[in-house]
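Shown here: structure06.txt, compact mmCIF, C-alpha atoms and all ligand atoms.
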```
# COMPACT_ATOMS: atom_id res chain seq x y z
CA MET A 1 8.36 10.43 -6.26
CA TYR A 2 5.68 7.74 -6.59
CA ASP A 3 3.17 10.28 -7.91
CA SER A 4 5.61 11.43 -10.59
CA LEU A 5 6.23 7.81 -11.66
CA LEU A 6 2.47 7.29 -11.99
CA GLY A 7 2.22 10.35 -14.25
CA GLY A 8 0.50 12.47 -11.58
CA ARG A 9 0.74 16.25 -11.34
CA ASP A 10 1.33 16.51 -7.59
CA ASN A 11 5.09 16.34 -7.44
CA PHE A 12 8.04 18.71 -7.32
CA PRO A 13 11.24 19.14 -9.37
CA ALA A 14 13.18 17.50 -6.51
CA ASP A 15 10.94 14.39 -6.74
CA ARG A 16 11.47 14.15 -10.50
CA ALA A 17 15.22 14.66 -10.14
CA ALA A 18 15.41 11.90 -7.50
CA CYS A 19 13.44 9.55 -9.77
CA GLY A 20 15.81 10.34 -12.66
CA GLU A 21 18.78 9.44 -10.48
CA LEU A 22 17.21 6.25 -9.13
CA LEU A 23 16.15 5.11 -12.63
CA LYS A 24 19.83 4.80 -13.55
CA HIS A 25 20.15 2.03 -10.97
CA VAL A 26 16.69 0.45 -11.11
CA PRO A 27 15.55 0.91 -14.72
CA SER A 28 12.26 -0.94 -14.12
CA MET A 29 11.10 1.63 -11.57
CA THR A 30 8.32 3.22 -13.66
CA GLU A 31 6.79 -0.10 -14.75
CA LEU A 32 7.09 -1.34 -11.18
CA ALA A 33 5.12 1.66 -9.87
CA LEU A 34 2.43 1.29 -12.55
CA ASN A 35 2.16 -2.44 -11.92
CA ASN A 36 1.90 -1.88 -8.19
CA ARG A 37 -0.93 0.61 -8.63
CA GLN A 38 -2.68 -1.83 -10.97
CA PHE A 39 -2.31 -4.55 -8.30
CA LEU A 40 -3.94 -2.23 -5.76
CA ARG A 41 -6.90 -1.66 -8.11
CA ARG A 42 -7.23 -5.39 -8.86
CA VAL A 43 -6.96 -6.44 -5.27
CA VAL A 44 -9.56 -3.94 -4.01
CA HIS A 45 -11.99 -4.99 -6.74
CA THR A 46 -11.41 -8.66 -5.85
CA LEU A 47 -11.87 -8.05 -2.12
CA ALA A 48 -15.11 -6.17 -2.74
CA ALA A 49 -16.58 -8.27 -5.56
CA ASP A 50 -15.41 -11.80 -4.65
CA TYR A 51 -14.92 -11.65 -0.87
CA GLY A 52 -17.72 -9.24 0.05
CA ILE A 53 -15.49 -6.75 1.88
CA ARG A 54 -17.22 -3.41 2.43
CA GLN A 55 -14.75 -1.66 4.76
CA PHE A 56 -11.15 -0.70 4.02
CA ILE A 57 -8.35 0.90 6.02
CA ASP A 58 -5.63 1.90 3.55
CA HIS A 59 -2.32 2.37 5.40
CA GLY A 60 0.09 4.65 3.48
CA SER A 61 -2.54 5.42 0.86
CA GLY A 62 -0.48 7.95 -1.08
CA LEU A 63 -1.71 10.95 -3.03
CA PRO A 64 -5.06 10.56 -4.73
CA THR A 65 -4.70 9.39 -8.34
CA GLN A 66 -7.24 7.96 -10.76
CA ASP A 67 -9.24 4.99 -9.53
CA ASN A 68 -8.67 5.31 -5.82
CA VAL A 69 -9.66 2.60 -3.35
CA HIS A 70 -13.02 4.24 -2.51
CA GLU A 71 -13.94 4.60 -6.19
CA ILE A 72 -13.23 0.91 -6.90
CA ALA A 73 -14.97 -0.37 -3.76
CA GLN A 74 -17.97 1.95 -4.12
CA ARG A 75 -18.42 0.89 -7.74
CA VAL A 76 -19.03 -2.62 -6.39
CA ASP A 77 -21.20 -1.34 -3.53
CA PRO A 78 -21.81 2.39 -2.97
CA ALA A 79 -22.21 1.65 0.75
CA SER A 80 -18.50 0.69 1.07
CA ARG A 81 -16.54 2.71 3.63
CA ILE A 82 -12.87 3.66 3.38
CA VAL A 83 -10.40 5.34 5.71
CA TYR A 84 -7.17 6.48 4.09
CA VAL A 85 -4.19 6.81 6.42
CA ASP A 86 -1.00 8.65 5.45
CA ASN A 87 1.51 10.75 7.37
CA ASP A 88 2.14 13.11 4.46
CA PRO A 89 0.24 16.39 5.10
CA SER A 90 -0.26 16.98 1.37
CA VAL A 91 -2.13 13.65 1.14
CA ARG A 92 -4.47 14.86 3.87
CA ALA A 93 -4.99 18.27 2.24
CA MET A 94 -5.65 16.97 -1.26
CA GLY A 95 -7.59 13.94 -0.10
CA SER A 96 -9.92 16.04 2.01
CA VAL A 97 -10.74 18.31 -0.94
CA LEU A 98 -11.34 15.31 -3.18
CA LEU A 99 -13.55 13.58 -0.65
CA GLU A 100 -15.57 16.56 0.54
CA SER A 101 -18.79 15.16 -0.85
CA ASN A 102 -18.13 11.49 -0.05
CA GLU A 103 -19.43 10.88 3.45
CA ARG A 104 -18.37 7.22 3.45
CA THR A 105 -14.69 8.07 2.95
CA ALA A 106 -12.20 9.91 5.18
CA VAL A 107 -8.51 10.78 5.23
CA LEU A 108 -6.59 10.49 8.48
CA GLN A 109 -3.14 12.02 8.81
CA ALA A 110 -1.32 9.55 11.04
CA ASP A 111 1.75 7.38 11.17
CA MET A 112 0.76 3.90 10.00
CA ARG A 113 2.73 2.48 12.94
CA ASP A 114 0.33 4.11 15.43
CA THR A 115 -2.25 1.34 15.35
CA ALA A 116 -3.99 2.38 18.59
CA GLU A 117 -4.29 6.01 17.44
CA ILE A 118 -5.66 4.89 14.06
CA PHE A 119 -8.24 2.46 15.45
CA GLU A 120 -9.37 4.94 18.08
CA SER A 121 -9.54 7.88 15.64
CA ASP A 122 -12.84 9.59 14.77
CA PRO A 123 -12.84 8.45 11.10
CA VAL A 124 -12.29 4.78 12.01
CA ARG A 125 -14.89 4.90 14.81
CA ARG A 126 -17.38 6.60 12.48
CA LEU A 127 -16.86 4.51 9.35
CA ILE A 128 -15.50 1.12 10.36
CA ASP A 129 -17.65 -1.45 12.15
CA LEU A 130 -15.25 -3.81 13.91
CA ASP A 131 -17.94 -6.49 14.19
CA GLU A 132 -17.82 -6.92 10.39
CA PRO A 133 -14.86 -7.99 8.19
CA VAL A 134 -12.43 -5.21 7.29
CA ALA A 135 -9.60 -5.12 4.74
CA ALA A 136 -6.39 -3.54 6.04
CA LEU A 137 -4.13 -2.54 3.17
CA PHE A 138 -0.34 -2.19 3.41
CA VAL A 139 0.39 -1.82 -0.29
CA SER A 140 3.92 -0.76 -1.17
CA VAL A 141 4.51 0.77 2.24
CA LEU A 142 6.42 -1.60 4.52
CA HIS A 143 9.72 -0.64 2.81
CA CYS A 144 9.07 2.83 4.33
CA ILE A 145 9.31 1.26 7.82
CA PRO A 146 12.74 0.49 9.32
CA ASP A 147 13.44 -2.84 11.03
CA SER A 148 13.63 -0.96 14.34
CA SER A 149 9.87 -0.24 13.97
CA ARG A 150 9.25 -3.99 13.59
CA PRO A 151 7.04 -4.21 10.49
CA GLY A 152 6.17 -7.84 11.27
CA GLU A 153 4.80 -6.88 14.69
CA LEU A 154 2.83 -4.07 13.05
CA ILE A 155 1.03 -6.55 10.77
CA ALA A 156 0.33 -8.86 13.73
CA LYS A 157 -0.93 -5.92 15.83
CA VAL A 158 -3.35 -4.77 13.12
CA ALA A 159 -4.49 -8.38 12.53
CA ASP A 160 -5.25 -8.63 16.26
CA ARG A 161 -7.52 -5.57 16.08
CA LEU A 162 -9.57 -6.96 13.19
CA PRO A 163 -12.46 -9.40 13.48
CA SER A 164 -11.91 -12.95 12.23
CA GLY A 165 -12.70 -13.18 8.51
CA SER A 166 -11.05 -9.82 7.84
CA MET A 167 -8.37 -9.61 5.17
CA MET A 168 -4.98 -7.97 4.83
CA VAL A 169 -2.95 -7.01 1.78
CA VAL A 170 0.79 -6.76 2.23
CA CYS A 171 3.49 -6.03 -0.35
CA GLN A 172 6.80 -4.24 -0.45
CA LEU A 173 9.95 -3.76 -2.52
CA VAL A 174 12.29 -6.75 -2.53
CA SER A 175 15.46 -7.64 -4.42
CA ASP A 176 17.72 -10.69 -4.70
CA SER A 177 20.70 -8.37 -5.15
CA SER A 178 22.33 -7.08 -1.98
CA GLU A 179 23.85 -4.27 -4.07
CA ILE A 180 20.42 -3.05 -5.19
CA ARG A 181 18.99 -3.45 -1.69
CA ASP A 182 21.80 -1.42 -0.18
CA PHE A 183 21.89 1.24 -2.89
CA VAL A 184 18.14 1.97 -2.94
CA THR A 185 17.90 1.84 0.84
CA GLY A 186 20.79 4.31 1.21
CA PHE A 187 19.47 6.59 -1.54
CA MET A 188 15.93 6.75 -0.11
CA ASP A 189 17.23 7.18 3.42
CA GLU A 190 19.10 10.27 2.19
CA GLN A 191 16.12 11.61 0.21
CA THR A 192 13.77 11.25 3.18
CA GLN A 193 16.31 12.33 5.81
CA GLY A 194 16.12 9.00 7.57
CA HIS A 195 12.36 8.44 7.20
CA TRP A 196 12.56 5.22 5.25
CA GLY A 197 12.89 1.51 5.88
CA ARG A 198 14.60 -0.79 3.44
CA VAL A 199 14.35 -2.93 0.35
CA ARG A 200 14.06 -6.45 1.76
CA GLU A 201 14.05 -10.07 0.62
CA ARG A 202 11.05 -12.28 -0.18
CA ALA A 203 11.59 -14.26 3.02
CA ASP A 204 11.10 -11.07 5.05
CA VAL A 205 7.71 -10.49 3.44
CA ALA A 206 6.79 -14.13 4.07
CA ALA A 207 7.64 -13.62 7.75
CA PHE A 208 5.49 -10.45 7.91
CA CYS A 209 2.56 -12.44 6.47
CA ALA A 210 2.89 -15.30 8.98
CA PRO A 211 -0.30 -14.30 10.89
CA LEU A 212 -2.37 -14.51 7.67
CA GLU A 213 -4.07 -17.42 5.92
CA LEU A 214 -2.96 -16.55 2.38
CA VAL A 215 -5.40 -16.87 -0.52
CA GLU A 216 -4.39 -18.06 -4.01
CA PRO A 217 -1.82 -17.54 -5.49
CA GLY A 218 -0.06 -16.91 -2.18
CA LEU A 219 2.93 -14.58 -2.16
CA THR A 220 4.06 -13.44 -5.58
CA GLU A 221 5.41 -10.56 -7.62
CA VAL A 222 2.33 -8.36 -7.67
CA SER A 223 1.66 -8.27 -11.43
CA ALA A 224 1.26 -12.08 -11.21
CA TRP A 225 -1.43 -11.80 -8.51
CA ARG A 226 -4.62 -12.83 -10.34
CA PRO A 227 -3.77 -10.89 -13.51
CA VAL A 228 -6.78 -9.92 -15.61
CA HIS A 229 -5.51 -7.75 -18.45
CA ASP A 230 -2.32 -6.16 -19.71
CA ASP A 231 -3.09 -2.49 -19.68
CA VAL A 232 0.13 -1.46 -17.94
CA PRO A 233 3.63 -2.09 -19.30
CA ALA A 234 5.22 -5.34 -18.15
CA GLN A 235 8.37 -4.97 -16.08
CA LEU A 236 11.30 -5.49 -18.46
CA THR A 237 14.11 -6.02 -15.96
CA TRP A 238 13.97 -7.74 -12.59
CA GLU A 239 16.63 -6.06 -10.48
CA TRP A 240 13.87 -5.62 -7.88
CA GLU A 241 10.14 -6.25 -7.60
CA GLU A 242 7.06 -5.49 -5.56
CA TYR A 243 6.25 -8.73 -3.73
CA GLY A 244 3.37 -9.75 -1.51
CA GLY A 245 -0.12 -11.17 -1.29
CA VAL A 246 -3.50 -11.25 0.38
CA GLY A 247 -4.66 -13.25 3.37
CA PHE A 248 -7.44 -13.82 5.86
CA VAL A 249 -7.24 -13.00 9.52
CA ARG A 250 -8.53 -16.12 11.34
CA ARG A 251 -9.00 -16.87 14.99
C1 LIG A 301 4.80 4.11 -2.50
S1 LIG A 301 3.48 5.03 -1.76
C2 LIG A 301 2.21 3.81 -1.79
C3 LIG A 301 0.84 4.39 -2.05
C4 LIG A 301 -0.29 3.37 -2.20
N1 LIG A 301 -0.38 2.48 -1.06
C5 LIG A 301 -0.13 2.57 -3.46
O1 LIG A 301 0.30 1.42 -3.38
O2 LIG A 301 -0.44 3.07 -4.55
C6 LIG A 301 3.95 5.06 -0.02
C7 LIG A 301 3.06 5.96 0.84
O3 LIG A 301 3.30 5.65 2.22
C8 LIG A 301 3.29 6.87 2.96
N2 LIG A 301 4.05 6.65 4.19
C9 LIG A 301 5.38 6.43 4.34
N3 LIG A 301 5.69 6.22 5.63
C10 LIG A 301 4.53 6.34 6.33
C11 LIG A 301 4.21 6.23 7.71
N4 LIG A 301 5.14 5.96 8.61
N5 LIG A 301 2.92 6.39 8.07
C12 LIG A 301 1.95 6.66 7.15
N6 LIG A 301 2.20 6.77 5.82
C13 LIG A 301 3.48 6.61 5.41
C14 LIG A 301 3.92 7.88 2.03
O4 LIG A 301 3.56 9.20 2.40
C15 LIG A 301 3.33 7.46 0.68
O5 LIG A 301 2.14 8.15 0.44
```
Would you kindly transcribe this structure into structure tokens?
Ligand SMILES: C[S@@+](CC[C@H](N)C(=O)[O-])C[C@H]1O[C@@H](n2cnc3c(N)ncnc32)[C@H](O)[C@@H]1O
Amino acid sequence: MYDSLLGGRDNFPADRAACGELLKHVPSMTELALNNRQFLRRVVHTLAADYGIRQFIDHGSGLPTQDNVHEIAQRVDPASRIVYVDNDPSVRAMGSVLLESNERTAVLQADMRDTAEIFESDPVRRLIDLDEPVAALFVSVLHCIPDSSRPGELIAKVADRLPSGSMMVVCQLVSDSSEIRDFVTGFMDEQTQGHWGRVRERADVAAFCAPLELVEPGLTEVSAWRPVHDDVPAQLTWEWEEYGGVGFVRR
């Protein structure tokens, strides 16, 4: 569904039909997806160029699109290393083809909740040096995790694995309207046969980010996070938003 909103070609009629249905309730959905992807690009460039991060673990990376994390980071420094993690087998298949010739980048098919499995996996052992700062990305993915999987504990667990001075990026769908929260959560739960979390509130995201020392501007709607240019359409309605920020892991 996300790929079809971004104008990708790797989606099915069922994905497009589900997007059409959801758009009736959350008309800003396409701009929200485009703005989220633009945030991801901006944040990775900022982490690499301004904070010197050279290693990235991208949890719930999604299907490859234009300007993926490794392309942005390796433009700043070709020595940057990236491990993409996603539980969708088509992400693994397409990512592996795309990355065949990039020895500093790997795709791991895993559940982002399996922190031990991820950190002990071959790609992470091979590419990520846990004595140097790492960026762990959770961009537009925590709404895929139900409360029973304790998303806040997941962020704390990953933070614990990372050396001090590492950074984390966390954002997810939030809404002030309980009607929108309930509708989208129910709809996506049905579409994914129970493999989804929920649209939450800003305070939930703030609680997830408690282990982090947030950098400016703190937690915000993502298009307002250090905006640089307006090359994606602004969100016209605010029935929901993608909300989050970036912070240091300190010990
Ligand atoms: C909305 S996309 C976000 C993609 C990318 N992070 C971005 O912001 O452009 C959510 C991604 O999370 C993945 N995902 C959902 N639940 C997951 C889980 N439990 N473990 C790993 N990946 C998951 C989905 O397959 C999908 O690719």
Please provide the set of residues having any atom within 7 Å of stretch 102-108 of chain A, restricted to only C-alpha atoms, with same-chain residues fewer than 4 positions apart removed, written as a ChimeraX atom specification.
-> /A:70,80-86,92,95-96,123,127
Identify, on the basis of all atoms listed in the file, every residue whose closest approach to A:Met1 does not exceed 8 Å; exclude the query and any residue fewer than 5 positions from it along the same chain; express the result as number ranges by chain.
-> A: 11, 15-16, 18-19
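Take atom CA of A:Gln66 and atom CA of A:Pro13: the distance between them is 21.6 Å.
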From the list A:Pro64, A:Gly186, A:Pro163, A:Gly245, which residue is nearest A:Leu137 when using only C-alpha atoms?
-> A:Gly245
Env. residues ligand LIG 301 (chain A) / 9 Å / only C-alpha atoms and all ligand atoms / as a CSV table (one decimal) with C-alpha atoms, keeping the file's coordinate frame:
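And here's out_24.csv as it stands now:
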```csv
chain,number,residue,atom,x,y,z
A,1,MET,CA,8.4,10.4,-6.3
A,2,TYR,CA,5.7,7.7,-6.6
A,3,ASP,CA,3.2,10.3,-7.9
A,33,ALA,CA,5.1,1.7,-9.9
A,34,LEU,CA,2.4,1.3,-12.6
A,36,ASN,CA,1.9,-1.9,-8.2
A,37,ARG,CA,-0.9,0.6,-8.6
A,38,GLN,CA,-2.7,-1.8,-11.0
A,39,PHE,CA,-2.3,-4.6,-8.3
A,40,LEU,CA,-3.9,-2.2,-5.8
A,41,ARG,CA,-6.9,-1.7,-8.1
A,58,ASP,CA,-5.6,1.9,3.6
A,59,HIS,CA,-2.3,2.4,5.4
A,60,GLY,CA,0.1,4.6,3.5
A,61,SER,CA,-2.5,5.4,0.9
A,62,GLY,CA,-0.5,8.0,-1.1
A,63,LEU,CA,-1.7,11.0,-3.0
A,64,PRO,CA,-5.1,10.6,-4.7
A,65,THR,CA,-4.7,9.4,-8.3
A,68,ASN,CA,-8.7,5.3,-5.8
A,85,VAL,CA,-4.2,6.8,6.4
A,86,ASP,CA,-1.0,8.6,5.4
A,87,ASN,CA,1.5,10.8,7.4
A,88,ASP,CA,2.1,13.1,4.5
A,89,PRO,CA,0.2,16.4,5.1
A,90,SER,CA,-0.3,17.0,1.4
A,91,VAL,CA,-2.1,13.6,1.1
A,109,GLN,CA,-3.1,12.0,8.8
A,110,ALA,CA,-1.3,9.6,11.0
A,111,ASP,CA,1.8,7.4,11.2
A,112,MET,CA,0.8,3.9,10.0
A,113,ARG,CA,2.7,2.5,12.9
A,114,ASP,CA,0.3,4.1,15.4
A,137,LEU,CA,-4.1,-2.5,3.2
A,138,PHE,CA,-0.3,-2.2,3.4
A,139,VAL,CA,0.4,-1.8,-0.3
A,140,SER,CA,3.9,-0.8,-1.2
A,141,VAL,CA,4.5,0.8,2.2
A,142,LEU,CA,6.4,-1.6,4.5
A,143,HIS,CA,9.7,-0.6,2.8
A,144,CYS,CA,9.1,2.8,4.3
A,145,ILE,CA,9.3,1.3,7.8
A,171,CYS,CA,3.5,-6.0,-0.4
A,172,GLN,CA,6.8,-4.2,-0.4
A,195,HIS,CA,12.4,8.4,7.2
A,196,TRP,CA,12.6,5.2,5.2
A,197,GLY,CA,12.9,1.5,5.9
```
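Rounded to one decimal, atom CA of A:Ala210 and atom CA of A:Val158 lie 12.9 Å from each other.
Minimum atom-to-atom distances from A:Ala79, A:Ala159, A:Leu173, A:Val44 to A:Asp67 were compared using all atoms listed in the file, and the lowest value belongs to A:Val44.
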One residue among A:Leu47, A:Val174, A:Ile180, A:Leu219 is nearest to A:Val26 when using all atoms listed in the file, and that residue is A:Ile180
Taking (12.0, -6.5, -6.9) in the file's coordinates, which residues come within 7 Å, counting all atoms listed in the file, written as a list of chain:residue names?
-> A:Leu173, A:Val174, A:Ser175, A:Trp238, A:Glu239, A:Trp240, A:Glu241, A:Glu242, A:Tyr243
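When atom CA of A:Glu216 is paired with atom CA of A:Leu162, their separation reads 21.1 Å.
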Surrounding residues of A:Asp182 excluding itself and chain neighbours under 4 positions, 10 Å, all atoms listed in the file, as a PDB file with C-alpha atoms, in the frame of the given file:
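Result written to around24.pdb:
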```pdb
ATOM      1  CA  SER A 175      15.460  -7.640  -4.420  1.00  0.00           C
ATOM      2  CA  SER A 177      20.700  -8.370  -5.150  1.00  0.00           C
ATOM      3  CA  SER A 178      22.330  -7.080  -1.980  1.00  0.00           C
ATOM      4  CA  GLY A 186      20.790   4.310   1.210  1.00  0.00           C
ATOM      5  CA  PHE A 187      19.470   6.590  -1.540  1.00  0.00           C
ATOM      6  CA  ARG A 198      14.600  -0.790   3.440  1.00  0.00           C
ATOM      7  CA  VAL A 199      14.350  -2.930   0.350  1.00  0.00           C
ATOM      8  CA  ARG A 200      14.060  -6.450   1.760  1.00  0.00           C
TER       9      ARG A 200
END
```
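With only C-alpha atoms as the atoms that count, the minimum distance from A:Gly165 to the choices A:Glu213, A:Glu153, A:Asp77, A:Asp189 is reached by A:Glu213.
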Mind listing whatever residues come within 7 Å of the point (-3.9, -16.3, -1.8)? Use only C-alpha atoms, file coordinates, and give them as a list in words.
-> Leu214, Val215, Glu216, Pro217, Gly218, Gly245, Val246 and Gly247 of chain A
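When only C-alpha atoms are used to measure the gap to A:Ser121, the shortest distance among A:Ile57, A:Ile155, A:Met94, A:Leu23 belongs to A:Ile57.
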